[in-house]
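Colleague: So that you have it, the file is target_7.cif, and it contains mmCIF, C-alpha atoms and all ligand atoms:
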data_entry
loop_
_atom_site.label_atom_id
_atom_site.label_comp_id
_atom_site.auth_asym_id
_atom_site.auth_seq_id
_atom_site.Cartn_x
_atom_site.Cartn_y
_atom_site.Cartn_z
CA MET A 4 0.00 0.00 0.00
CA ASN A 5 1.05 3.60 -0.58
CA VAL A 6 0.99 5.35 2.76
CA MET A 7 1.16 9.06 3.45
CA VAL A 8 2.28 10.33 6.86
CA VAL A 9 1.45 13.97 7.54
CA GLY A 10 3.95 15.75 9.79
CA GLY A 11 7.67 16.22 10.06
CA GLY A 12 9.04 15.72 13.56
CA GLY A 13 10.57 13.03 15.74
CA ARG A 14 7.15 11.51 16.38
CA GLU A 15 6.49 11.11 12.68
CA HIS A 16 9.94 9.59 12.22
CA ALA A 17 9.14 7.01 14.91
CA ILE A 18 5.80 6.19 13.26
CA ILE A 19 7.45 5.87 9.85
CA LYS A 20 10.28 3.64 11.09
CA LYS A 21 7.71 1.34 12.63
CA ILE A 22 5.22 1.07 9.76
CA LYS A 23 8.10 0.58 7.34
CA LYS A 24 8.47 -2.88 8.88
CA SER A 25 4.95 -3.89 7.90
CA PRO A 26 4.72 -6.25 4.92
CA LYS A 27 1.58 -4.36 3.89
CA VAL A 28 3.42 -1.08 3.36
CA SER A 29 5.21 -0.64 0.05
CA ARG A 30 5.89 3.09 -0.14
CA ILE A 31 5.82 5.86 2.47
CA TYR A 32 5.51 9.56 1.75
CA ALA A 33 6.15 12.13 4.47
CA LEU A 34 4.51 15.56 4.15
CA PRO A 35 6.72 17.45 4.75
CA GLY A 36 9.02 15.05 6.64
CA ASN A 37 12.54 16.34 7.28
CA GLY A 38 16.17 15.68 6.38
CA GLY A 39 16.40 12.70 8.71
CA ILE A 40 13.04 11.20 7.76
CA ALA A 41 14.28 11.29 4.15
CA ALA A 42 16.32 8.16 4.94
CA ASP A 43 13.08 6.23 5.60
CA ALA A 44 10.42 7.85 3.41
CA VAL A 45 9.94 10.01 0.35
CA CYS A 46 9.68 13.55 1.70
CA VAL A 47 7.34 15.91 -0.14
CA ASP A 48 7.56 19.61 0.49
CA ILE A 49 3.94 20.22 1.48
CA GLY A 50 3.33 21.65 4.94
CA ALA A 51 1.18 19.77 7.47
CA THR A 52 -1.44 22.54 7.53
CA ASP A 53 -1.66 22.96 3.75
CA LEU A 54 -4.86 20.92 3.68
CA GLU A 55 -5.64 21.56 0.03
CA GLY A 56 -2.11 20.70 -1.04
CA ILE A 57 -2.19 17.46 0.98
CA VAL A 58 -5.53 16.33 -0.44
CA LYS A 59 -4.38 17.11 -3.98
CA PHE A 60 -1.16 15.16 -3.42
CA ALA A 61 -3.07 12.17 -2.06
CA ARG A 62 -5.44 12.19 -5.01
CA GLU A 63 -2.65 12.39 -7.57
CA ASN A 64 -0.35 9.82 -6.00
CA ALA A 65 -2.67 6.89 -5.43
CA ILE A 66 -2.44 7.10 -1.66
CA ASP A 67 -4.14 4.08 -0.08
CA PHE A 68 -3.90 5.16 3.55
CA ALA A 69 -3.10 8.35 5.45
CA VAL A 70 -1.72 8.83 8.94
CA VAL A 71 -2.28 12.35 10.24
CA ALA A 72 0.04 12.86 13.20
CA PRO A 73 0.10 16.54 14.31
CA ASP A 74 -2.66 18.38 16.16
CA ASP A 75 -3.21 21.31 13.79
CA PRO A 76 -4.29 19.41 10.65
CA LEU A 77 -6.46 17.12 12.79
CA VAL A 78 -8.18 20.06 14.48
CA LEU A 79 -8.58 21.78 11.09
CA GLY A 80 -10.35 18.70 9.69
CA LEU A 81 -7.82 17.09 7.33
CA VAL A 82 -9.14 13.60 8.08
CA ASP A 83 -12.66 14.65 7.03
CA LEU A 84 -11.31 15.95 3.71
CA LEU A 85 -9.26 12.81 3.01
CA LYS A 86 -12.13 10.49 3.90
CA ALA A 87 -14.37 12.45 1.54
CA GLU A 88 -11.87 11.50 -1.17
CA GLY A 89 -12.26 7.87 -0.18
CA ILE A 90 -8.87 7.64 1.54
CA PRO A 91 -8.91 5.72 4.82
CA CYS A 92 -7.08 7.48 7.64
CA PHE A 93 -5.60 6.96 11.06
CA GLY A 94 -6.60 10.03 13.07
CA PRO A 95 -9.81 11.56 14.40
CA GLU A 96 -12.26 13.65 12.42
CA LYS A 97 -12.58 17.34 13.21
CA LYS A 98 -15.57 16.88 15.48
CA ALA A 99 -13.54 14.50 17.67
CA ALA A 100 -10.20 16.32 17.46
CA ILE A 101 -11.89 19.15 19.38
CA ILE A 102 -11.03 17.16 22.51
CA GLU A 103 -7.58 18.73 22.10
CA GLY A 104 -8.58 21.73 19.98
CA SER A 105 -10.66 23.31 22.74
CA LYS A 106 -9.69 23.04 26.39
CA ALA A 107 -13.11 24.41 27.33
CA PHE A 108 -14.74 21.57 25.38
CA ALA A 109 -12.54 18.99 27.08
CA LYS A 110 -13.23 20.39 30.55
CA ASP A 111 -16.99 20.57 29.96
CA LEU A 112 -16.96 16.99 28.67
CA MET A 113 -15.22 15.80 31.82
CA LYS A 114 -17.60 17.73 34.07
CA LYS A 115 -20.68 16.41 32.25
CA TYR A 116 -19.55 12.78 32.41
CA GLY A 117 -17.90 12.82 35.83
CA ILE A 118 -14.35 12.21 34.61
CA PRO A 119 -11.86 13.33 37.28
CA THR A 120 -10.02 16.56 36.46
CA ALA A 121 -9.01 19.83 38.14
CA ALA A 122 -11.86 22.17 39.14
CA TYR A 123 -12.20 25.05 36.68
CA GLU A 124 -14.16 27.92 35.18
CA THR A 125 -14.23 29.12 31.57
CA PHE A 126 -14.31 32.80 30.56
CA ASP A 127 -14.94 34.72 27.36
CA ASP A 128 -14.98 38.02 29.24
CA MET A 129 -11.72 39.35 30.62
CA GLU A 130 -13.21 41.41 33.45
CA LYS A 131 -15.10 38.37 34.73
CA ALA A 132 -11.92 36.29 34.50
CA LEU A 133 -9.99 38.90 36.48
CA ALA A 134 -12.73 39.12 39.11
CA TYR A 135 -12.81 35.32 39.45
CA LEU A 136 -9.05 35.24 40.01
CA GLN A 137 -9.59 37.29 43.18
CA THR A 138 -11.38 34.26 44.64
CA CYS A 139 -8.72 31.70 43.65
CA ARG A 140 -5.92 30.23 45.67
CA VAL A 141 -2.44 30.41 44.16
CA PRO A 142 -0.74 28.79 42.39
CA VAL A 143 -3.50 28.87 39.82
CA VAL A 144 -3.43 27.60 36.25
CA ILE A 145 -4.45 29.75 33.26
CA LYS A 146 -5.00 28.01 29.92
CA ALA A 147 -5.69 29.46 26.50
CA ASP A 148 -8.68 27.60 25.06
CA GLY A 149 -7.23 26.74 21.65
CA LEU A 150 -4.00 25.27 20.33
CA ALA A 151 -0.98 27.33 21.32
CA LEU A 152 2.02 25.23 20.31
CA GLY A 153 2.11 23.70 23.79
CA LYS A 154 2.72 27.13 25.34
CA GLY A 155 -0.81 28.12 26.27
CA VAL A 156 -0.58 26.96 29.89
CA ILE A 157 0.63 29.38 32.58
CA ILE A 158 1.09 28.31 36.18
CA ALA A 159 0.83 31.55 38.11
CA GLU A 160 2.45 31.65 41.53
CA THR A 161 0.87 34.97 42.53
CA LEU A 162 -2.37 36.82 41.85
CA ASP A 163 -0.38 39.44 39.98
CA GLU A 164 1.12 36.87 37.65
CA ALA A 165 -2.28 35.28 37.10
CA GLN A 166 -3.86 38.61 36.18
CA GLN A 167 -0.99 39.35 33.82
CA ALA A 168 -1.42 35.96 32.13
CA VAL A 169 -5.13 36.58 31.60
CA ARG A 170 -4.41 40.02 30.15
CA ASN A 171 -1.70 38.65 27.88
CA MET A 172 -4.06 36.04 26.50
CA MET A 173 -7.34 37.96 26.34
CA GLU A 174 -6.24 41.55 25.70
CA ASP A 175 -2.83 41.32 24.02
CA LYS A 176 -3.70 38.05 22.27
CA VAL A 177 -0.21 36.58 22.65
CA PHE A 178 -1.64 33.24 21.50
CA GLY A 179 -3.88 34.82 18.87
CA GLU A 180 -7.53 33.78 18.85
CA SER A 181 -6.60 30.70 20.92
CA GLY A 182 -6.65 32.99 23.95
CA SER A 183 -9.95 34.80 23.46
CA ARG A 184 -11.39 32.23 25.78
CA VAL A 185 -9.48 31.06 28.86
CA VAL A 186 -9.86 28.25 31.33
CA ILE A 187 -8.85 29.03 34.91
CA GLU A 188 -8.11 25.89 36.79
CA GLU A 189 -7.15 24.56 40.19
CA PHE A 190 -3.44 23.70 40.56
CA LEU A 191 -2.92 20.00 41.10
CA THR A 192 0.17 18.25 42.39
CA GLY A 193 1.53 14.80 41.86
CA PRO A 194 3.59 12.87 39.34
CA GLU A 195 2.56 13.11 35.70
CA VAL A 196 1.92 10.12 33.48
CA SER A 197 1.25 10.02 29.75
CA VAL A 198 -0.90 7.20 28.42
CA LEU A 199 -1.45 6.95 24.68
CA SER A 200 -4.21 4.66 23.51
CA PHE A 201 -5.56 3.18 20.31
CA THR A 202 -9.31 3.49 19.94
CA ASP A 203 -11.91 2.99 17.23
CA GLY A 204 -14.74 4.22 19.44
CA LYS A 205 -15.75 0.70 20.48
CA THR A 206 -12.51 -0.68 21.87
CA LEU A 207 -9.79 1.28 23.64
CA ILE A 208 -6.35 -0.25 24.12
CA PRO A 209 -3.89 1.70 26.27
CA MET A 210 -0.27 1.57 25.18
CA VAL A 211 2.63 1.29 27.58
CA SER A 212 2.72 4.31 29.93
CA SER A 213 5.42 6.96 29.68
CA MET A 214 6.81 10.08 31.32
CA ASP A 215 7.67 13.27 29.49
CA HIS A 216 10.18 15.89 30.69
CA LYS A 217 8.80 19.21 29.51
CA ARG A 218 11.17 21.72 31.09
CA ALA A 219 14.31 22.75 29.25
CA LEU A 220 16.82 22.26 32.08
CA ASP A 221 17.89 19.60 34.56
CA GLY A 222 15.85 19.33 37.73
CA ASP A 223 12.71 20.41 35.82
CA LYS A 224 13.93 23.99 35.70
CA GLY A 225 13.78 26.47 32.84
CA LEU A 226 11.11 27.07 30.26
CA ASN A 227 8.49 24.65 29.01
CA THR A 228 9.49 22.96 25.77
CA GLY A 229 7.96 20.49 23.37
CA GLY A 230 9.57 17.75 25.51
CA MET A 231 13.23 17.05 26.30
CA GLY A 232 13.05 13.31 26.84
CA THR A 233 10.87 10.41 27.85
CA ILE A 234 10.95 7.05 29.56
CA ALA A 235 8.58 4.09 29.37
CA PRO A 236 7.07 2.49 31.31
CA ASN A 237 6.30 5.15 33.91
CA PRO A 238 6.87 3.69 37.40
CA TYR A 239 4.13 5.85 38.91
CA TYR A 240 1.62 4.07 36.71
CA THR A 241 1.14 1.05 38.93
CA GLU A 242 -1.29 -1.74 38.15
CA GLU A 243 -3.72 -0.29 40.65
CA ILE A 244 -3.56 3.17 39.09
CA ALA A 245 -3.89 1.65 35.60
CA LYS A 246 -7.06 -0.13 36.63
CA ARG A 247 -8.54 3.05 38.06
CA CYS A 248 -7.61 5.00 34.92
CA GLU A 249 -9.25 2.45 32.67
CA GLU A 250 -12.46 2.44 34.71
CA GLU A 251 -12.69 6.10 35.71
CA ILE A 252 -11.07 7.87 32.77
CA PHE A 253 -10.32 5.94 29.56
CA LYS A 254 -13.53 4.05 28.97
CA PRO A 255 -15.75 6.90 30.21
CA THR A 256 -13.99 9.31 27.84
CA MET A 257 -14.49 7.04 24.84
CA GLU A 258 -18.14 6.58 25.75
CA ALA A 259 -18.66 10.29 26.42
CA MET A 260 -17.36 11.13 22.95
CA ASN A 261 -19.74 8.56 21.44
CA LYS A 262 -22.67 10.02 23.36
CA GLU A 263 -21.78 13.48 22.10
CA GLY A 264 -21.83 12.18 18.51
CA ARG A 265 -18.08 12.72 18.31
CA THR A 266 -16.72 9.18 18.12
CA PHE A 267 -12.94 9.29 18.42
CA CYS A 268 -10.90 7.06 16.09
CA GLY A 269 -7.14 7.22 16.29
CA CYS A 270 -4.67 7.78 19.10
CA LEU A 271 -6.23 9.34 22.16
CA TYR A 272 -3.60 10.68 24.54
CA PHE A 273 -4.31 11.02 28.25
CA GLY A 274 -2.10 13.46 30.14
CA LEU A 275 -2.65 12.41 33.74
CA MET A 276 -1.64 13.57 37.17
CA ILE A 277 -1.60 11.05 40.00
CA THR A 278 -2.91 13.19 42.87
CA ASP A 279 -3.62 12.18 46.46
CA ASP A 280 -7.26 11.89 45.38
CA GLY A 281 -6.38 9.52 42.55
CA PRO A 282 -5.61 9.99 38.87
CA LYS A 283 -6.96 13.11 37.16
CA VAL A 284 -6.87 14.32 33.58
CA ILE A 285 -4.58 17.28 32.95
CA GLU A 286 -5.09 17.28 29.21
CA TYR A 287 -6.27 15.23 26.27
CA ASN A 288 -4.42 15.16 23.00
CA CYS A 289 -6.01 13.90 19.81
CA ARG A 290 -2.76 12.32 18.57
CA PHE A 291 0.45 10.59 19.48
CA GLY A 292 2.59 12.59 21.94
CA ASP A 293 6.02 13.86 21.07
CA PRO A 294 8.48 12.61 22.39
CA GLU A 295 6.36 9.89 24.09
CA THR A 296 5.94 8.12 20.75
CA GLN A 297 9.72 7.76 20.53
CA VAL A 298 9.73 5.44 23.58
CA VAL A 299 6.30 3.84 23.22
CA LEU A 300 6.54 2.61 19.63
CA PRO A 301 9.99 1.02 19.99
CA LEU A 302 8.40 -1.20 22.66
CA LEU A 303 5.51 -2.23 20.42
CA GLU A 304 6.01 -5.78 19.19
CA SER A 305 2.94 -5.92 16.95
CA ASP A 306 2.54 -4.57 13.41
CA LEU A 307 1.67 -0.87 13.86
CA PHE A 308 0.27 -0.51 10.38
CA ASP A 309 -2.03 -3.44 10.97
CA ILE A 310 -3.32 -1.70 14.09
CA PHE A 311 -3.89 1.49 12.07
CA LEU A 312 -5.95 -0.50 9.55
CA HIS A 313 -8.02 -2.09 12.30
CA VAL A 314 -8.69 1.28 13.94
CA SER A 315 -9.80 2.82 10.65
CA GLU A 316 -12.03 -0.17 9.89
CA GLY A 317 -13.57 -0.24 13.38
CA THR A 318 -12.20 -3.71 14.15
CA LEU A 319 -9.64 -2.86 16.80
CA ASP A 320 -10.99 -5.72 18.92
CA GLN A 321 -9.42 -8.07 16.37
CA ALA A 322 -5.98 -6.41 16.33
CA GLU A 323 -2.93 -7.79 18.06
CA VAL A 324 -1.46 -5.06 20.28
CA LYS A 325 1.46 -6.35 22.29
CA PHE A 326 4.19 -4.41 24.06
CA ALA A 327 7.54 -5.73 25.21
CA ASP A 328 7.97 -5.77 28.97
CA ASP A 329 11.36 -4.10 28.99
CA ALA A 330 11.96 -0.34 29.10
CA ALA A 331 12.97 2.53 26.84
CA CYS A 332 14.48 5.98 27.26
CA CYS A 333 14.60 8.80 24.71
CA VAL A 334 16.95 11.74 25.21
CA VAL A 335 16.26 14.77 23.04
CA MET A 336 19.29 16.63 21.69
CA ALA A 337 18.41 20.26 21.07
CA SER A 338 20.09 23.39 19.75
CA SER A 339 21.63 25.48 22.51
CA GLY A 340 19.23 28.32 23.37
CA TYR A 341 16.07 26.32 22.62
CA PRO A 342 13.18 27.05 23.24
CA VAL A 343 13.97 30.74 22.78
CA LYS A 344 16.69 31.58 20.29
CA TYR A 345 19.13 29.23 18.63
CA GLU A 346 21.33 28.87 15.58
CA LYS A 347 20.80 26.35 12.81
CA GLY A 348 22.79 24.83 9.97
CA PHE A 349 25.39 22.75 11.85
CA ALA A 350 26.43 19.35 10.50
CA ILE A 351 25.09 16.38 12.49
CA HIS A 352 27.25 13.27 12.89
CA ILE A 353 25.43 10.05 13.70
CA PRO A 354 27.46 6.83 13.66
CA GLN A 355 25.83 3.83 11.95
CA GLU A 356 25.72 1.82 15.18
CA VAL A 357 23.20 4.22 16.75
CA GLU A 358 20.00 2.95 15.19
CA ASP A 359 17.06 4.43 17.02
CA VAL A 360 17.53 8.08 16.12
CA TYR A 361 14.36 10.05 15.53
CA VAL A 362 15.08 13.24 13.69
CA ALA A 363 12.94 16.28 14.47
CA GLY A 364 14.71 19.40 13.22
CA ALA A 365 17.18 18.73 10.43
CA LYS A 366 17.50 19.23 6.71
CA LEU A 367 19.73 17.85 3.99
CA SER A 368 22.27 20.15 2.38
CA ALA A 369 22.70 20.22 -1.40
CA ASP A 370 25.54 17.72 -1.01
CA GLY A 371 23.47 15.40 1.16
CA ARG A 372 24.80 16.26 4.62
CA LEU A 373 22.39 16.34 7.56
CA LEU A 374 22.25 19.83 9.10
CA THR A 375 20.48 21.10 12.21
CA ASN A 376 17.32 22.99 11.33
CA GLY A 377 15.27 23.37 14.48
CA GLY A 378 15.21 23.71 18.26
CA ARG A 379 14.73 20.06 18.98
CA VAL A 380 17.11 18.36 16.57
CA LEU A 381 16.72 14.67 17.31
CA GLY A 382 15.85 12.08 19.92
CA VAL A 383 17.94 9.03 20.71
CA THR A 384 16.10 6.01 22.06
CA GLU A 385 17.60 2.93 23.64
CA ARG A 386 15.97 -0.03 25.30
CA GLY A 387 17.10 -1.93 28.36
CA LYS A 388 15.84 -4.64 30.68
CA ASP A 389 14.69 -1.88 33.03
CA ILE A 390 14.58 1.92 33.05
CA ARG A 391 18.03 2.19 34.62
CA GLU A 392 19.64 0.23 31.82
CA ALA A 393 17.64 2.05 29.13
CA ILE A 394 18.74 5.42 30.52
CA GLU A 395 22.41 4.38 30.66
CA ARG A 396 22.31 3.12 27.10
CA ALA A 397 20.50 6.17 25.78
CA TYR A 398 23.16 8.47 27.26
CA GLN A 399 25.94 6.28 25.85
CA SER A 400 24.43 6.70 22.40
CA VAL A 401 23.90 10.44 22.88
CA LYS A 402 27.64 10.78 23.49
CA LYS A 403 28.35 9.24 20.09
CA ILE A 404 26.27 11.84 18.25
CA SER A 405 27.62 15.31 17.74
CA PHE A 406 26.73 18.69 16.29
CA GLU A 407 27.86 22.16 17.22
CA ASN A 408 25.86 23.82 20.01
CA ALA A 409 24.17 20.56 21.01
CA PHE A 410 22.49 20.55 24.37
CA TYR A 411 20.46 17.97 26.25
CA ARG A 412 19.18 17.27 29.71
CA ARG A 413 21.39 14.96 31.77
CA ASP A 414 18.67 13.77 34.09
CA ILE A 415 16.01 12.16 31.89
CA GLY A 416 14.38 9.42 33.94
CA GLN A 417 16.14 10.25 37.22
CA ARG A 418 12.95 11.16 39.06
CA ALA A 419 11.39 7.93 37.91
CA LEU A 420 14.40 5.98 39.13
CA ALA A 421 14.20 7.69 42.51
CA ALA A 422 10.52 6.74 42.72
CA LEU A 423 11.35 3.12 42.02
CA GLU A 424 13.88 3.07 44.81
CA LYS A 425 11.47 4.46 47.39
P1 LIG A 501 -0.35 21.20 28.75
O1 LIG A 501 0.20 22.20 27.76
O2 LIG A 501 -1.80 21.16 28.86
O3 LIG A 501 0.32 19.86 28.53
O4 LIG A 501 0.18 21.64 30.18
C1 LIG A 501 1.54 21.83 30.39
C2 LIG A 501 1.91 21.40 31.75
O5 LIG A 501 1.32 22.28 32.70
C3 LIG A 501 1.42 20.02 32.16
O6 LIG A 501 2.22 19.00 31.70
C4 LIG A 501 1.45 20.14 33.67
O7 LIG A 501 2.78 19.95 34.13
C5 LIG A 501 1.08 21.57 33.90
N1 LIG A 501 -0.33 21.70 34.27
C6 LIG A 501 -1.40 21.83 33.45
N2 LIG A 501 -2.53 21.89 34.17
C7 LIG A 501 -2.19 21.79 35.46
C8 LIG A 501 -2.92 21.79 36.70
N3 LIG A 501 -4.24 21.93 36.75
N4 LIG A 501 -2.22 21.67 37.85
C9 LIG A 501 -0.88 21.55 37.82
N5 LIG A 501 -0.14 21.56 36.71
C10 LIG A 501 -0.78 21.67 35.54
N1 LIG A 502 4.61 15.43 24.95
C1 LIG A 502 3.42 16.13 25.05
C2 LIG A 502 2.70 16.36 23.81
O1 LIG A 502 2.96 15.75 22.79
O2 LIG A 502 1.83 17.20 23.81
#
Take the structure from the file and write it as structure tokens.
Ligand code: AMP
Ligand code: GLY

Modeller:
Amino acid sequence: MNVMVVGGGGREHAIIKKIKKSPKVSRIYALPGNGGIAADAVCVDIGATDLEGIVKFARENAIDFAVVAPDDPLVLGLVDLLKAEGIPCFGPEKKAAIIEGSKAFAKDLMKKYGIPTAAYETFDDMEKALAYLQTCRVPVVIKADGLALGKGVIIAETLDEAQQAVRNMMEDKVFGESGSRVVIEEFLTGPEVSVLSFTDGKTLIPMVSSMDHKRALDGDKGLNTGGMGTIAPNPYYTEEIAKRCEEEIFKPTMEAMNKEGRTFCGCLYFGLMITDDGPKVIEYNCRFGDPETQVVLPLLESDLFDIFLHVSEGTLDQAEVKFADDAACCVVMASSGYPVKYEKGFAIHIPQEVEDVYVAGAKLSADGRLLTNGGRVLGVTERGKDIREAIERAYQSVKKISFENAFYRRDIGQRALAALEK
């Protein structure tokens, strides 16, 4: 089959490397892909939000199946357009992608169906939002309603900061229209767990749990980023917690979406916090997480493309979904200065022996050299019999890769290790 993967980051590289192994897949196109993905797929220079361009490409290139990986094209309705052309897809339709596209929608859904989450209020009116803040305890969490490149969440430590965040979003529109509506939410504490799941609206199969590291610097300091590294499984996600999540969160969410006439087909991502009152939803994503995918998929033993087909056909109950019981760690190597200001264009050296490299921000030069071209440049994943071994191996591999101005966190997985030793 001719398969098209929309997107061009480390997550898409991980998806492509996995489906490439399927006997059913003959050719893979990546739109737009990147310089590293070019080693595993045919990259086509069409951006992930150029919906018209993507549909035209699919029509003209006999695409048999599409995987839409990033949030923006999903929220904009790319899957609806492709399905209208008769192209089966992995990814939710627009009406279901709203679970990530609008935080207010997600919060209202949870309230209506009794799914545990932080207490909140939604505001379209800035004065009302500011007045409400006067009644809140700090820290308090301010969220722009729409997509904001993962930056629309502010944890305000003081009332002043909270008011400033609301003004920035609602008056100065720092996140554009995404911030015309804000959610003000209770601050929760506890370890965070990411659980990605496959669902066709009838069956939901959670994948192995993982832990992201969102802050730029060691010790969870510095600015929020797209994710600096991941480990799987997440030791905080015990069997008991998993059972509660399945009963109180996963299944109820799938059913709630069905009841709303918004059946979700694709990868539903649960961002969870394990609080003293049990697991609560911090956020839903309508797609694979990045860089969670870079540790979760390497542990998948089954044929990923086969699972995609089953999800799109509504027969997920017949799919084989099996994960290895060892562990994985992904360390992201970024450009120094990320997520603010950084230089690009440095040559990247990756020795052959390092296999699981997922390239996020790189391009090929005219003479075929791989050059840095983004903040997050690549992720290196290694497996081990347990998290400790996976972490050690990942850092050994990181040391073999070089580019000028490379920077990475040295403590990916350390908090998880400490939790295991408790
Ligand atoms: P998001 O962009 O929704 O993934 O949120 C970014 C990060 O903000 C999350 O990973 C959490 O660490 C934090 N966060 C979001 N909501 C809350 C909350 N209600 N309480 C505490 N931390 C939160
Ligand atoms: N790693 C978090 C996300 O993909 O949103």

Colleague: Would you please work out which residue, of A:Leu226, A:Val78, A:Ile40, A:Val401, is nearest to Gly364 of chain A when using all atoms listed in the file?

Modeller: A:Ile40

Colleague: Please produce, as a Markdown table, a per-residue contact table for segment 292-395 of chain A versus segment 176-197 of chain A (criterion: any atom at most 12 Å away, all atoms listed in the file considered), showing the nearest atom pair and its distance in Å to one decimal, sorted by chain then residue number.

Modeller:
| residue | atom | partner | partner_atom | distance |
| --- | --- | --- | --- | --- |
| A:Gly292 | CA | A:Ser197 | CA | 8.3 |
| A:Asp293 | CA | A:Ser197 | CA | 10.6 |
| A:Pro294 | CA | A:Ser197 | CA | 10.6 |
| A:Glu295 | CA | A:Ser197 | CA | 7.6 |
| A:Thr296 | CA | A:Ser197 | CA | 10.3 |
| A:Val298 | CA | A:Ser197 | CA | 11.4 |
| A:Val299 | CA | A:Ser197 | CA | 10.3 |

Colleague: Could you list, as a PyMOL selection string, every residue within 10 Å of segment 286-289 of chain A, counting all atoms listed in the file and ignoring same-chain residues fewer than 5 positions away?

Modeller: chain A and resi 72-75+77-78+94-97+99-106+109-110+120+197-199+256+267-276

Colleague: Please put the answer as JSON: centre and edge lengths, in Å with one decimal, of a box along x, y and z that encloses all listed atoms of ligand LIG 502 (chain A) plus 5 Å on each side.

Modeller:
{"center_x": 3.2, "center_y": 16.3, "center_z": 23.9, "size_x": 12.8, "size_y": 11.8, "size_z": 12.3}

Colleague: Within 12 Å of Ala87 of chain A, counting only C-alpha atoms, which residues show up once you throw out same-chain ones fewer than 4 positions away? Write them as a PyMOL selection string, please.

Modeller: chain A and resi 58+61-62+80-83+91-92+96
